[in-house]
file upload-v2.txt (compact mmCIF, C-alpha atoms and all ligand atoms)
# COMPACT_ATOMS: atom_id res chain seq x y z
CA LEU A 270 11.41 46.62 79.29
CA LEU A 271 7.83 45.64 78.50
CA VAL A 272 5.62 44.81 81.47
CA ILE A 273 1.99 43.72 81.38
CA ARG A 274 0.41 44.12 84.81
CA HIS A 275 -2.80 43.06 86.51
CA ILE A 276 -3.62 40.56 83.79
CA ARG A 277 -7.18 39.28 84.20
CA GLN A 278 -6.13 35.65 83.66
CA LEU A 279 -2.63 34.48 82.79
CA ILE A 280 -2.03 30.93 81.55
CA THR A 281 1.71 30.36 81.12
CA CYS A 282 1.65 26.67 80.04
CA ALA A 283 4.97 26.42 81.91
CA GLY A 284 6.20 23.13 83.32
CA GLY A 285 7.91 21.02 80.71
CA ALA A 286 7.18 19.59 77.30
CA PRO A 287 5.40 17.77 75.88
CA ARG A 288 2.24 17.64 77.98
CA SER A 289 0.47 14.29 77.82
CA GLY A 290 -2.32 12.46 79.60
CA ALA A 291 -3.85 14.38 82.54
CA ASP A 292 -0.88 16.77 82.37
CA GLN A 293 -2.23 18.14 79.09
CA ARG A 294 -5.31 19.61 80.80
CA ASP A 295 -3.70 20.58 84.10
CA LEU A 296 -2.91 24.20 83.27
CA PRO A 297 -2.98 26.53 86.27
CA ILE A 298 -4.63 29.94 85.83
CA VAL A 299 -2.96 32.94 87.47
CA HIS A 300 -5.48 35.62 88.39
CA ASP A 301 -4.05 39.16 88.50
CA GLY A 302 -0.92 38.08 86.65
CA ALA A 303 2.07 39.88 85.22
CA VAL A 304 4.59 39.24 82.45
CA ALA A 305 7.82 41.20 82.00
CA ALA A 306 10.31 41.03 79.15
CA ASP A 307 13.65 42.60 78.37
CA GLY A 308 13.82 42.89 74.60
CA GLU A 309 12.75 39.59 73.12
CA ARG A 310 13.20 37.47 76.26
CA ILE A 311 10.85 36.92 79.19
CA LEU A 312 12.17 37.90 82.63
CA PHE A 313 9.12 37.13 84.71
CA ALA A 314 5.70 35.50 84.36
CA GLY A 315 3.48 34.91 87.39
CA PRO A 316 1.30 36.64 89.99
CA ASP A 317 1.49 40.45 89.81
CA LYS A 318 2.20 40.58 93.54
CA ASP A 319 5.44 38.65 92.93
CA LEU A 320 6.66 40.95 90.15
CA PRO A 321 10.08 42.29 91.23
CA VAL A 322 9.85 46.05 91.88
CA SER A 323 13.03 46.65 89.88
CA LEU A 324 11.18 45.54 86.75
CA THR A 325 8.54 48.25 87.09
CA THR A 326 10.80 51.16 87.96
CA ALA A 327 13.40 51.01 85.18
CA PRO A 328 13.27 54.29 83.20
CA ASP A 329 12.62 52.71 79.79
CA THR A 330 9.76 50.49 80.93
CA ARG A 331 6.48 50.38 79.00
CA VAL A 332 3.69 49.19 81.27
CA ILE A 333 0.49 47.84 79.74
CA ASP A 334 -2.61 47.63 81.92
CA GLY A 335 -3.90 44.05 81.55
CA ARG A 336 -7.13 44.27 83.52
CA ALA A 337 -9.38 43.90 80.46
CA PHE A 338 -7.63 40.95 78.88
CA SER A 339 -5.97 37.62 79.46
CA VAL A 340 -2.56 36.45 78.27
CA VAL A 341 -1.59 33.07 76.83
CA PRO A 342 1.54 31.96 74.93
CA GLY A 343 1.76 32.78 71.22
CA PHE A 344 0.29 29.95 69.15
CA VAL A 345 2.63 27.49 67.44
CA ASP A 346 1.16 26.19 64.17
CA GLY A 347 3.14 23.03 63.48
CA HIS A 348 1.68 22.06 60.09
CA THR A 349 1.08 24.42 57.17
CA HIS A 350 1.37 24.46 53.41
CA ALA A 351 1.12 28.26 53.47
CA MET A 352 3.35 28.70 50.43
CA PHE A 353 1.61 28.04 47.11
CA ALA A 354 0.59 29.81 43.94
CA GLY A 355 -2.87 29.98 42.39
CA ASP A 356 -6.00 28.78 44.14
CA ARG A 357 -8.44 25.86 44.07
CA ARG A 358 -11.73 27.60 44.72
CA GLU A 359 -13.36 25.61 41.90
CA GLU A 360 -12.55 22.39 43.77
CA LEU A 361 -14.10 23.87 46.87
CA ARG A 362 -17.29 24.52 44.90
CA ARG A 363 -17.23 20.96 43.54
CA ARG A 364 -16.78 19.52 47.01
CA LEU A 365 -19.73 21.54 48.21
CA GLY A 366 -21.64 19.94 45.31
CA GLY A 367 -20.71 16.45 46.54
CA ALA A 368 -17.33 15.52 44.97
CA SER A 369 -14.75 14.13 47.40
CA TYR A 370 -11.13 15.26 47.83
CA ALA A 371 -9.89 11.83 46.73
CA GLU A 372 -12.10 11.85 43.58
CA ILE A 373 -10.85 15.28 42.56
CA ALA A 374 -7.22 14.23 43.12
CA ALA A 375 -7.70 11.00 41.12
CA GLU A 376 -9.00 13.03 38.16
CA GLY A 377 -5.78 15.05 38.06
CA GLY A 378 -6.96 17.92 40.28
CA GLY A 379 -5.89 18.54 43.84
CA ILE A 380 -2.23 18.98 44.68
CA VAL A 381 -1.03 18.73 41.05
CA THR A 382 -3.15 21.77 40.12
CA THR A 383 -1.24 23.80 42.67
CA VAL A 384 2.02 22.25 41.44
CA ARG A 385 1.42 23.67 37.93
CA ALA A 386 0.81 27.16 39.32
CA THR A 387 3.74 26.98 41.74
CA ARG A 388 6.20 25.89 39.07
CA ALA A 389 5.11 28.88 36.95
CA ALA A 390 5.44 31.38 39.81
CA SER A 391 8.63 33.33 40.51
CA GLU A 392 10.35 33.23 43.88
CA GLU A 393 9.24 36.84 44.38
CA ASP A 394 5.59 35.92 43.65
CA LEU A 395 5.75 33.14 46.25
CA VAL A 396 7.29 35.45 48.84
CA ALA A 397 4.65 38.11 48.23
CA SER A 398 1.58 35.86 48.32
CA THR A 399 2.80 33.89 51.33
CA ARG A 400 3.60 37.09 53.25
CA VAL A 401 -0.11 37.98 53.16
CA ARG A 402 -1.06 34.54 54.55
CA LEU A 403 1.49 34.81 57.35
CA ALA A 404 0.08 38.21 58.30
CA GLU A 405 -3.39 36.63 58.54
CA MET A 406 -2.01 33.88 60.75
CA LEU A 407 -0.25 36.42 62.96
CA GLY A 408 -3.52 38.31 63.42
CA CYS A 409 -5.02 35.04 64.68
CA GLY A 410 -2.27 34.69 67.29
CA THR A 411 0.28 32.50 65.51
CA THR A 412 3.83 33.54 66.39
CA THR A 413 5.71 30.43 65.17
CA ALA A 414 4.74 28.38 62.12
CA GLU A 415 6.03 25.37 60.27
CA ILE A 416 5.86 25.74 56.49
CA LYS A 417 6.41 23.04 53.89
CA SER A 418 7.61 22.82 50.34
CA GLY A 419 5.83 20.16 48.28
CA TYR A 420 4.13 22.03 45.45
CA GLY A 421 7.22 21.79 43.24
CA LEU A 422 7.80 18.05 42.93
CA ASP A 423 10.90 18.80 40.85
CA VAL A 424 14.33 19.77 42.10
CA ALA A 425 14.26 23.38 40.90
CA THR A 426 10.81 24.24 42.25
CA GLU A 427 11.27 22.50 45.59
CA LEU A 428 14.46 24.52 46.10
CA LYS A 429 12.71 27.70 44.90
CA MET A 430 10.00 27.23 47.54
CA LEU A 431 12.53 26.62 50.32
CA ARG A 432 14.57 29.68 49.30
CA ALA A 433 11.39 31.76 49.32
CA ILE A 434 10.60 30.43 52.81
CA ARG A 435 14.10 31.38 53.95
CA ARG A 436 13.60 34.91 52.64
CA LEU A 437 10.26 35.26 54.38
CA ALA A 438 11.75 34.03 57.62
CA SER A 439 13.94 37.11 57.81
CA GLU A 440 11.45 39.75 56.69
CA GLN A 441 8.23 39.33 58.67
CA PRO A 442 7.49 38.66 62.36
CA VAL A 443 6.32 35.01 62.41
CA ASP A 444 9.21 32.63 63.16
CA LEU A 445 9.23 29.99 60.41
CA VAL A 446 10.31 26.35 60.65
CA PRO A 447 11.02 24.94 57.17
CA THR A 448 10.09 21.43 56.06
CA PHE A 449 11.07 19.71 52.81
CA MET A 450 8.11 17.78 51.40
CA GLY A 451 9.13 16.64 47.94
CA ALA A 452 7.11 13.51 48.73
CA HIS A 453 3.78 15.36 48.84
CA GLU A 454 2.39 13.71 45.70
CA ILE A 455 3.59 11.70 42.66
CA PRO A 456 3.90 14.14 39.73
CA LEU A 457 1.67 13.27 36.75
CA ASP A 458 4.56 12.33 34.46
CA TYR A 459 5.84 9.81 37.03
CA ARG A 460 2.56 8.04 37.71
CA HIS A 461 3.59 4.97 35.69
CA ARG A 462 7.16 4.92 37.03
CA ARG A 463 6.72 5.92 40.64
CA GLU A 464 9.98 4.32 41.78
CA ASP A 465 11.82 6.84 39.60
CA TYR A 466 10.19 9.64 41.57
CA VAL A 467 11.08 8.08 44.92
CA ARG A 468 14.67 7.86 43.67
CA LEU A 469 14.58 11.51 42.56
CA VAL A 470 13.47 12.55 46.07
CA ILE A 471 16.12 10.41 47.77
CA ASP A 472 19.07 10.83 45.39
CA GLU A 473 18.69 14.44 44.24
CA MET A 474 16.22 16.50 46.25
CA ILE A 475 17.24 15.51 49.78
CA PRO A 476 21.00 15.98 49.16
CA ALA A 477 20.40 19.38 47.50
CA VAL A 478 18.13 20.58 50.33
CA ALA A 479 20.57 19.38 52.98
CA ALA A 480 23.61 20.86 51.25
CA ASP A 481 22.11 24.36 51.42
CA HIS A 482 20.55 23.84 54.88
CA LEU A 483 17.20 24.81 53.39
CA ALA A 484 15.05 22.66 55.66
CA GLU A 485 15.01 21.31 59.20
CA TRP A 486 12.41 18.57 58.66
CA CYS A 487 11.44 16.02 56.02
CA ASP A 488 7.76 15.13 55.58
CA VAL A 489 5.96 12.50 53.46
CA PHE A 490 2.29 12.06 52.52
CA CYS A 491 1.87 8.39 53.47
CA GLU A 492 -1.52 7.46 52.04
CA THR A 493 -3.16 4.93 49.74
CA GLY A 494 -2.50 6.13 46.18
CA VAL A 495 0.30 8.45 47.26
CA PHE A 496 3.37 7.07 49.11
CA THR A 497 3.29 3.58 50.62
CA PRO A 498 4.58 2.89 54.15
CA GLU A 499 7.65 1.25 52.62
CA GLU A 500 8.40 4.24 50.35
CA SER A 501 7.70 6.67 53.20
CA THR A 502 10.11 4.82 55.46
CA ARG A 503 12.88 4.92 52.85
CA ILE A 504 12.39 8.63 52.16
CA LEU A 505 12.27 9.61 55.84
CA GLN A 506 15.34 7.50 56.64
CA ALA A 507 17.22 9.05 53.71
CA GLY A 508 16.28 12.50 55.02
CA ALA A 509 17.38 11.61 58.54
CA GLY A 510 20.70 10.43 57.13
CA ARG A 511 21.23 13.96 55.84
CA GLY A 512 20.13 15.68 59.02
CA LEU A 513 16.48 16.30 58.07
CA LYS A 514 14.33 15.23 61.02
CA PRO A 515 11.27 13.10 60.16
CA ARG A 516 7.57 14.00 60.46
CA ILE A 517 4.71 12.47 58.49
CA HIS A 518 1.18 12.88 57.09
CA ALA A 519 -0.41 9.72 58.49
CA ASP A 520 -3.79 7.97 58.31
CA GLU A 521 -5.58 11.03 56.92
CA LEU A 522 -7.91 9.50 54.33
CA GLY A 523 -7.66 5.89 55.50
CA ALA A 524 -5.70 3.63 57.85
CA SER A 525 -2.67 3.55 55.56
CA GLY A 526 0.07 2.65 58.03
CA GLY A 527 1.58 6.10 58.55
CA SER A 528 1.35 6.06 62.34
CA GLN A 529 3.39 2.85 62.46
CA VAL A 530 5.95 4.35 60.05
CA ALA A 531 6.22 7.34 62.39
CA ALA A 532 7.09 5.02 65.27
CA VAL A 533 9.61 3.01 63.23
CA VAL A 534 11.55 6.02 61.92
CA GLY A 535 11.30 7.94 65.21
CA ALA A 536 9.28 10.83 63.77
CA ARG A 537 8.73 13.73 66.14
CA SER A 538 5.16 14.07 64.90
CA ALA A 539 2.52 12.13 62.96
CA ASP A 540 -0.15 14.42 61.55
CA HIS A 541 -3.88 14.17 60.68
CA LEU A 542 -4.54 10.64 62.09
CA ILE A 543 -8.26 10.70 61.32
CA PHE A 544 -8.22 6.95 60.70
CA VAL A 545 -5.39 5.97 63.09
CA PRO A 546 -5.94 2.38 64.30
CA GLY A 547 -5.50 1.30 67.91
CA GLU A 548 -2.15 -0.33 67.20
CA GLY A 549 -0.97 2.91 65.59
CA ILE A 550 -1.87 4.82 68.76
CA ARG A 551 0.05 2.35 70.92
CA ALA A 552 3.06 2.42 68.58
CA MET A 553 3.11 6.23 68.73
CA ARG A 554 2.85 6.26 72.50
CA ASP A 555 5.70 3.76 72.89
CA ALA A 556 7.93 5.69 70.45
CA GLY A 557 7.14 9.14 71.89
CA VAL A 558 5.53 10.50 68.71
CA VAL A 559 3.36 13.63 69.01
CA ALA A 560 -0.09 13.54 67.36
CA THR A 561 -0.58 16.77 65.44
CA LEU A 562 -4.29 17.04 64.67
CA LEU A 563 -5.72 19.27 61.94
CA PRO A 564 -9.47 19.39 62.55
CA ALA A 565 -10.01 22.31 60.16
CA ALA A 566 -8.78 20.11 57.30
CA ALA A 567 -11.22 17.33 58.22
CA PHE A 568 -13.94 19.97 58.47
CA TYR A 569 -13.30 21.73 55.14
CA LEU A 570 -12.68 18.44 53.31
CA LYS A 571 -16.06 17.22 54.64
CA LEU A 572 -14.50 13.94 55.73
CA GLY A 573 -17.42 13.34 58.07
CA ARG A 574 -15.20 12.43 61.01
CA PHE A 575 -12.32 13.74 63.08
CA ALA A 576 -9.20 12.22 64.59
CA PRO A 577 -9.78 10.22 67.82
CA ALA A 578 -8.24 12.92 69.99
CA ARG A 579 -9.67 11.60 73.26
CA ALA A 580 -8.33 8.10 72.65
CA LEU A 581 -4.90 9.58 71.82
CA ILE A 582 -4.77 11.70 74.98
CA ASP A 583 -6.13 8.90 77.16
CA ALA A 584 -3.46 6.56 75.73
CA GLY A 585 -0.77 9.06 76.76
CA VAL A 586 0.08 10.47 73.33
CA PRO A 587 0.79 14.23 73.47
CA VAL A 588 -1.66 16.02 71.17
CA ALA A 589 -0.81 19.20 69.25
CA LEU A 590 -3.09 21.26 67.00
CA ALA A 591 -2.27 22.95 63.69
CA THR A 592 -4.19 24.65 60.87
CA ASP A 593 -2.95 22.83 57.72
CA VAL A 594 -3.25 26.11 55.77
CA ASN A 595 -3.26 24.97 52.11
CA PRO A 596 -5.21 25.66 48.91
CA GLY A 597 -7.20 22.39 49.06
CA GLY A 598 -8.84 22.12 52.47
CA GLY A 599 -6.81 24.53 54.55
CA PHE A 600 -9.08 27.54 54.37
CA SER A 601 -8.59 28.79 57.91
CA PRO A 602 -5.41 30.50 59.09
CA SER A 603 -6.78 30.45 62.62
CA MET A 604 -5.38 28.40 65.47
CA PRO A 605 -8.39 29.52 67.58
CA PHE A 606 -10.68 27.90 64.98
CA ALA A 607 -8.64 24.69 65.21
CA MET A 608 -9.04 24.92 69.00
CA THR A 609 -12.79 25.44 68.64
CA LEU A 610 -13.13 22.31 66.51
CA ALA A 611 -10.86 20.42 68.92
CA CYS A 612 -13.25 21.30 71.74
CA PHE A 613 -16.58 20.84 69.96
CA ALA A 614 -15.84 18.10 67.40
CA MET A 615 -13.07 16.10 69.12
CA GLY A 616 -14.05 16.36 72.77
CA LEU A 617 -11.03 18.20 74.17
CA THR A 618 -11.26 20.50 77.16
CA PHE A 619 -10.26 24.10 76.59
CA GLU A 620 -7.03 23.58 78.54
CA GLU A 621 -6.13 20.52 76.46
CA ALA A 622 -6.70 22.51 73.28
CA LEU A 623 -4.62 25.41 74.58
CA ALA A 624 -1.67 23.17 75.50
CA ALA A 625 -2.01 21.54 72.06
CA ALA A 626 -1.83 24.95 70.35
CA THR A 627 1.16 26.18 72.35
CA ILE A 628 3.63 24.00 74.26
CA ASN A 629 2.86 20.74 72.44
CA GLY A 630 3.03 22.49 69.06
CA ALA A 631 6.40 23.88 70.10
CA TYR A 632 7.58 20.41 71.10
CA SER A 633 6.35 18.98 67.78
CA LEU A 634 8.73 21.42 66.06
CA ASP A 635 11.58 20.94 68.53
CA ARG A 636 11.18 24.60 69.61
CA HIS A 637 10.03 23.94 73.19
CA ASP A 638 13.24 25.40 74.60
CA SER A 639 12.42 28.84 73.16
CA VAL A 640 8.64 29.10 72.62
CA GLY A 641 5.34 27.50 73.59
CA SER A 642 5.13 28.76 77.18
CA LEU A 643 5.63 31.99 79.09
CA GLU A 644 8.70 31.33 81.23
CA PRO A 645 11.86 33.31 82.03
CA GLY A 646 14.41 32.87 79.26
CA LYS A 647 11.91 32.03 76.54
CA LEU A 648 10.84 34.39 73.77
CA MET A 649 8.22 36.99 74.70
CA ASP A 650 5.60 35.62 72.27
CA ALA A 651 2.10 36.17 73.63
CA VAL A 652 -1.55 36.47 72.67
CA LEU A 653 -3.72 39.03 74.47
CA VAL A 654 -7.31 37.74 74.61
CA ALA A 655 -10.15 40.17 75.31
CA GLY A 656 -11.94 38.70 78.35
CA ASP A 657 -11.02 35.25 79.63
CA PRO A 658 -8.71 32.89 77.69
CA ILE A 659 -11.68 30.72 76.69
CA ASP A 660 -13.16 33.68 74.79
CA VAL A 661 -10.58 32.93 72.08
CA ILE A 662 -12.86 30.14 70.75
CA ARG A 663 -15.70 32.58 69.97
CA VAL A 664 -15.44 32.15 66.19
CA GLY A 665 -15.75 35.39 64.29
CA ALA A 666 -15.58 37.70 67.30
CA ALA A 667 -12.52 39.96 67.44
CA THR A 668 -11.31 38.51 70.72
CA ILE A 669 -7.60 38.79 69.97
CA ALA A 670 -6.75 42.22 71.34
CA GLY A 671 -3.06 41.99 70.59
CA VAL A 672 -0.18 39.77 69.60
CA ILE A 673 3.35 40.18 70.91
CA LYS A 674 6.25 38.61 69.01
CA ARG A 675 9.80 38.72 70.39
CA GLY A 676 8.77 41.47 72.77
CA LYS A 677 7.19 43.73 70.14
CA VAL A 678 3.48 44.42 69.75
CA VAL A 679 3.02 43.24 66.15
CA PHE A 680 -0.79 43.19 66.04
CA GLN A 681 -3.33 45.13 68.05
CA THR A 682 -6.94 46.20 68.08
CA SER A 683 -8.19 49.45 69.60
CA MET A 684 -8.58 47.66 72.93
CA LEU A 685 -4.83 47.76 73.31
CA ASP A 686 -4.84 51.51 72.85
CA PRO A 687 -1.45 53.08 73.59
CA ARG A 688 -3.26 55.83 75.55
CA SER A 689 -4.27 53.21 78.13
CA SER A 690 -0.64 52.50 78.93
CA GLN A 691 2.07 54.60 80.47
CA THR A 692 5.67 54.96 79.40
O1 LIG B 1 -2.33 18.16 54.76
N1 LIG B 1 -2.55 15.75 52.73
C1 LIG B 1 -1.77 16.31 51.98
N2 LIG B 1 -1.49 17.59 52.06
C2 LIG B 1 -2.40 18.57 52.48
C3 LIG B 1 -3.32 18.98 51.39
C4 LIG B 1 -2.58 19.73 50.38
C5 LIG B 1 -3.43 20.17 49.22
O2 LIG B 1 -4.57 19.69 49.04
O3 LIG B 1 -2.92 21.04 48.48
C6 LIG B 1 -3.04 18.15 53.76
O4 LIG B 1 -4.24 17.86 53.81
FE FE B 2 -0.67 18.75 55.19
call {"tool": "encode", "arguments": {"input": "upload-v2.txt", "output": "structure tokens"}}
result
Amino acid sequence: LLVIRHIRQLITCAGGAPRSGADQRDLPIVHDGAVAADGERILFAGPDKDLPVSLTTAPDTRVIDGRAFSVVPGFVDGHTHAMFAGDRREELRRRLGGASYAEIAAEGGGIVTTVRATRAASEEDLVASTRVRLAEMLGCGTTTAEIKSGYGLDVATELKMLRAIRRLASEQPVDLVPTFMGAHEIPLDYRHRREDYVRLVIDEMIPAVAADHLAEWCDVFCETGVFTPEESTRILQAGAGRGLKPRIHADELGASGGSQVAAVVGARSADHLIFVPGEGIRAMRDAGVVATLLPAAAFYLKLGRFAPARALIDAGVPVALATDVNPGGGFSPSMPFAMTLACFAMGLTFEEALAAATINGAYSLDRHDSVGSLEPGKLMDAVLVAGDPIDVIRVGAATIAGVIKRGKVVFQTSMLDPRSSQT
């Protein structure tokens, strides 16, 4: 057994998923809390005084003294492109010099640059480079992450990426949720016959991915100049027909209709939403679509604005947060940084941001039965924050004292010194 006792502040995020409206910020704090787990499953989470004595006296119990830190659920990052080859640092420099993401993409840079490198990389190369990124994410508190294909844009490379993701899922601690995103961009050689590419995605890629059970979700970049709402709808419905659940990149660079597509196809999540119109918000609310917001992408792409998070929450749409780790604008692996931007650039309270990074992220990935909150029966995935939970948004300070994944301490700083615990 693993027991953490006398936790300074425990926020369990327990109480059902998703959290929306006032419920998203109504997160009770337990002072002097305790969490106990048997192997990878939680047995107890609540006030230390209610901890059953039997859980502290078992002979194989490791007790950690929690007086110096707080405990929150492990972060669930519901939107990443963490698998890619090469890098786009030159584009970053150009953007800092004034070029926009859309300009660079129109000139044949952007996603297609990463596609060239990813096609040339071996499956082993992809596993190795992505493993490093997942370790960074874990050190920032992420214990479950979605990860997309989409830098192949041909059958062989899309399958290579998804096989590499499957391998990584079994050989490092972060639980991975795989998404097929063949519709991430139109490859250069299809730009004058785009319908042929849509057909390739629908007729060849989706059946091949589904046949080998290589992905759980299907995603599309619905945007002006990329996939139209009509094409996005067809692709997501074709995926759903083969058991790939829909999610979508929507209204990121303009109001391109993605939020309405999400409602029509019954997507679990619509992501980005920087330019979501009022009717898109209402359509999402009525269809029960989660808004996954990626403020670090808006920040690093210098879009000059952020998604209307307050309007989404006030309309009753559950809001989740994710990093969008990718070689273009996804330079931060940190869910705490996404939470910081959510609080200071999008007007969320700390509790709203925490629910967005945990239980609502879990719901956005259909993992709310096993992760996203600290409750008996769920996985023992937890972040140990030095000080109070809100200290986690102190950018650059080493406030994450430890990360527990499936009951094992998988990351720790000296604060979580084994000498301070008893066996
Ligand atoms: O979420 N919008 C499309 N996809 C990514 C960017 C991927 C890239 O630039 O490589 C995003 O922003
Ligand atoms: Fe993305």
call {"tool": "residues_near_ligand", "arguments": {"input": "upload-v2.txt", "ligand": "ligand LIG 1 (chain B)", "cutoff": "10 Å", "atoms": "all atoms listed in the file", "output": "JSON, numbers by chain"}}
result
{"A": [348, 349, 350, 351, 353, 356, 357, 360, 370, 371, 374, 378, 379, 380, 381, 382, 383, 384, 417, 419, 420, 450, 452, 453, 454, 489, 490, 491, 492, 495, 517, 518, 519, 520, 521, 522, 540, 541, 563, 565, 566, 567, 569, 570, 592, 593, 594, 595, 596, 597, 598, 599]}
call {"tool": "residues_around", "arguments": {"input": "upload-v2.txt", "residues": "His275 in chain A", "least_positions_apart": "6", "cutoff": "8 Å", "atoms": "all atoms listed in the file", "output": "ChimeraX atom specification"}}
result
/A:301-303,317,334-336
call {"tool": "atom_distance", "arguments": {"input": "upload-v2.txt", "atom1": "CA of Arg288 in chain A", "atom2": "CA of Leu590 in chain A"}}
result
12.7 Å
call {"tool": "residues_around", "arguments": {"input": "upload-v2.txt", "residues": "Gly616 in chain A", "least_positions_apart": "3", "cutoff": "8 Å", "atoms": "all atoms listed in the file", "output": "list in words"}}
result
Ala578, Arg579, Ala611, Cys612 and Phe613 of chain A
call {"tool": "closest_residue", "arguments": {"input": "upload-v2.txt", "among": "A:Val545, A:Ile550, A:Glu499, A:Gly315", "to": "Val530 in chain A", "atoms": "only C-alpha atoms"}}
result
A:Glu499
call {"tool": "closest_residue", "arguments": {"input": "upload-v2.txt", "among": "A:Thr387, A:Thr448, A:Thr426, A:Thr668", "to": "His482 in chain A", "atoms": "only C-alpha atoms"}}
result
A:Thr448
call {"tool": "decode", "arguments": {"input": "upload-v2.txt", "residues": "range 557-563 of chain A", "atoms": "all heavy atoms", "output": "PDB file, in the first residue's frame"}}
result
ATOM      1  N   GLY A 557     -23.543  18.799 -26.171  1.00  0.00           N
ATOM      2  CA  GLY A 557     -22.683  18.205 -25.145  1.00  0.00           C
ATOM      3  C   GLY A 557     -21.228  18.043 -25.566  1.00  0.00           C
ATOM      4  O   GLY A 557     -20.562  17.097 -25.167  1.00  0.00           O
ATOM      5  N   VAL A 558     -20.730  18.984 -26.365  1.00  0.00           N
ATOM      6  CA  VAL A 558     -19.335  18.922 -26.822  1.00  0.00           C
ATOM      7  C   VAL A 558     -18.445  19.657 -25.824  1.00  0.00           C
ATOM      8  O   VAL A 558     -18.757  20.771 -25.397  1.00  0.00           O
ATOM      9  CB  VAL A 558     -19.190  19.579 -28.218  1.00  0.00           C
ATOM     10  CG1 VAL A 558     -17.750  19.492 -28.703  1.00  0.00           C
ATOM     11  CG2 VAL A 558     -20.153  18.943 -29.218  1.00  0.00           C
ATOM     12  N   VAL A 559     -17.327  19.038 -25.444  1.00  0.00           N
ATOM     13  CA  VAL A 559     -16.344  19.697 -24.572  1.00  0.00           C
ATOM     14  C   VAL A 559     -15.532  20.685 -25.408  1.00  0.00           C
ATOM     15  O   VAL A 559     -15.204  20.418 -26.565  1.00  0.00           O
ATOM     16  CB  VAL A 559     -15.371  18.658 -23.969  1.00  0.00           C
ATOM     17  CG1 VAL A 559     -14.293  19.331 -23.122  1.00  0.00           C
ATOM     18  CG2 VAL A 559     -16.130  17.631 -23.138  1.00  0.00           C
ATOM     19  N   ALA A 560     -15.184  21.832 -24.802  1.00  0.00           N
ATOM     20  CA  ALA A 560     -14.253  22.783 -25.432  1.00  0.00           C
ATOM     21  C   ALA A 560     -12.865  22.533 -24.865  1.00  0.00           C
ATOM     22  O   ALA A 560     -12.621  22.774 -23.685  1.00  0.00           O
ATOM     23  CB  ALA A 560     -14.689  24.216 -25.128  1.00  0.00           C
ATOM     24  N   THR A 561     -11.974  22.006 -25.708  1.00  0.00           N
ATOM     25  CA  THR A 561     -10.593  21.830 -25.259  1.00  0.00           C
ATOM     26  C   THR A 561      -9.788  23.035 -25.741  1.00  0.00           C
ATOM     27  O   THR A 561      -9.631  23.238 -26.957  1.00  0.00           O
ATOM     28  CB  THR A 561      -9.999  20.525 -25.809  1.00  0.00           C
ATOM     29  OG1 THR A 561     -10.721  19.423 -25.249  1.00  0.00           O
ATOM     30  CG2 THR A 561      -8.523  20.396 -25.410  1.00  0.00           C
ATOM     31  N   LEU A 562      -9.308  23.824 -24.804  1.00  0.00           N
ATOM     32  CA  LEU A 562      -8.615  25.073 -25.145  1.00  0.00           C
ATOM     33  C   LEU A 562      -7.107  24.890 -25.004  1.00  0.00           C
ATOM     34  O   LEU A 562      -6.632  24.189 -24.099  1.00  0.00           O
ATOM     35  CB  LEU A 562      -9.126  26.209 -24.254  1.00  0.00           C
ATOM     36  CG  LEU A 562     -10.651  26.384 -24.282  1.00  0.00           C
ATOM     37  CD1 LEU A 562     -11.074  27.588 -23.430  1.00  0.00           C
ATOM     38  CD2 LEU A 562     -11.180  26.509 -25.705  1.00  0.00           C
ATOM     39  N   LEU A 563      -6.371  25.522 -25.907  1.00  0.00           N
ATOM     40  CA  LEU A 563      -4.924  25.327 -26.026  1.00  0.00           C
ATOM     41  C   LEU A 563      -4.230  26.683 -25.999  1.00  0.00           C
ATOM     42  O   LEU A 563      -3.682  27.129 -27.012  1.00  0.00           O
ATOM     43  CB  LEU A 563      -4.631  24.582 -27.335  1.00  0.00           C
ATOM     44  CG  LEU A 563      -5.448  23.293 -27.497  1.00  0.00           C
ATOM     45  CD1 LEU A 563      -5.743  22.986 -28.955  1.00  0.00           C
ATOM     46  CD2 LEU A 563      -4.727  22.133 -26.853  1.00  0.00           C
TER      47      LEU A 563
END
